[in-house]
Amino acid sequence: MKFAVIGGTGLIGSQVVKNLNAAGHEAVPHSQSTGVDVITGQGLDEAVAGADVVVNLTNSPTFDDASPAFFRTSMDNLLAAAQRGGVGHFVILSIVGVDQVPELDYYRAKALQEEILAAGPVPYSIVRATQFMEFMDDVMTWTADGDTVRLPATPIQPIAAKDVAAAVAEVAAGAPLRGIHNIGGPEVFSLDELGRITLSHKGDDRTVVTDPTAGMFAAVKGDVLTDKGAHLAPTRYTDWLS
């Protein structure tokens, strides 16, 4: 099969391309660096030409109220190109619980992306993943102040990027789900606990203070970012840290 992986040079995309090619498929990465622009539409028809499957792993450059416009424009352009090219399967990567946190602009934007895909002209699959282990350092920088990192006790089910990429590649190589496939890490932590584990492993002597108002994840109520019924990936957080 031939795959056009849009956003194929990023953290997940590059691994999806590698996995698909290793399985004997032809997966081609596309991004702004290869002349493809999902907002202007430049290069899209050429990128999807002859592809059986489009995997869209592009992401908004911001998490704020500009993100819905990014996903609407990019999805409209990509779906139109995919339809013109006769693509039979369109895959996106989304977030577990994304439709249950309307307080966050970015989550509303990702939910909009899902809605546009489901209403579009191409058979589709949505892979929803829990929070990436690789993002933990970024999460802590948002609320770091001197010797203190403030984090809420939001339940998190971290998953390794390599496990996300494996799941996306597997779904992309299959028949369109016309629905959602949830994946998550094997363990649930509170975010503040995860911060303490991370700093301890790195030999970082900063203190994590539990603060229910700190950072983006403070807006999350309950355990909506976790799914114990999801397909559980094998990599544990402490093993990934090691």
# chains A, B, ... in the order shown; residues from 1 in each chain; ligands from 1

$ residues_around --residues "range 224-237 of chain A" --least-positions-apart "3" --cutoff "10 Å" --atoms "only C-alpha atoms" --output "PyMOL selection string"
chain A and resi 95-101+128-131+133+154-164+166-167+181-189+194+197-198+217+220-221+240-242

$ closest_atom_pairs --of "range 136-229 of chain A" --to "range 5-10 of chain A" --cutoff "12 Å" --atoms "only C-alpha atoms" --output "CSV"
residue,atom,partner,partner_atom,distance
A:Ala161,CA,A:Gly10,CA,10.9
A:Ala165,CA,A:Gly10,CA,10.9
A:Val168,CA,A:Val5,CA,10.9
A:Ala169,CA,A:Val5,CA,10.2
A:Ala172,CA,A:Val5,CA,10.1

$ residues_around --residues "Lys110 in chain A" --least-positions-apart "6" --cutoff "12 Å" --atoms "only C-alpha atoms" --output "ChimeraX atom specification"
/A:57-60,63-72,74-75,92-102,104,116-117,126-128

$ closest_residue --among "A:Ile180, A:Thr62, A:Phe135, A:Gly174" --to "Glu115 in chain A" --atoms "only C-alpha atoms"
A:Ile180

$ select_by_dssp --residues "range 17-236 of chain A" --states "strand (DSSP E)" --output "ChimeraX atom specification"
/A:26-30,53-56,89-95,124-129,144-145,148-151,155-156,180-184,189-190,207-210,231-232

$ select_by_dssp --residues "range 7-223 of chain A" --states "helix (DSSP H, G or I)" --output "MDAnalysis selection string"
chainID A and resid 11:22 32:34 44:48 67:84 98:100 105:118 133:142 161:172 191:202 216:219

$ residues_around --residues "Gly179 in chain A" --least-positions-apart "3" --cutoff "10 Å" --atoms "only C-alpha atoms" --output "list in words"
Glu114, Ala118, Pro123, Tyr124, Ser125, Ile126, Val127 and Pro176 of chain A
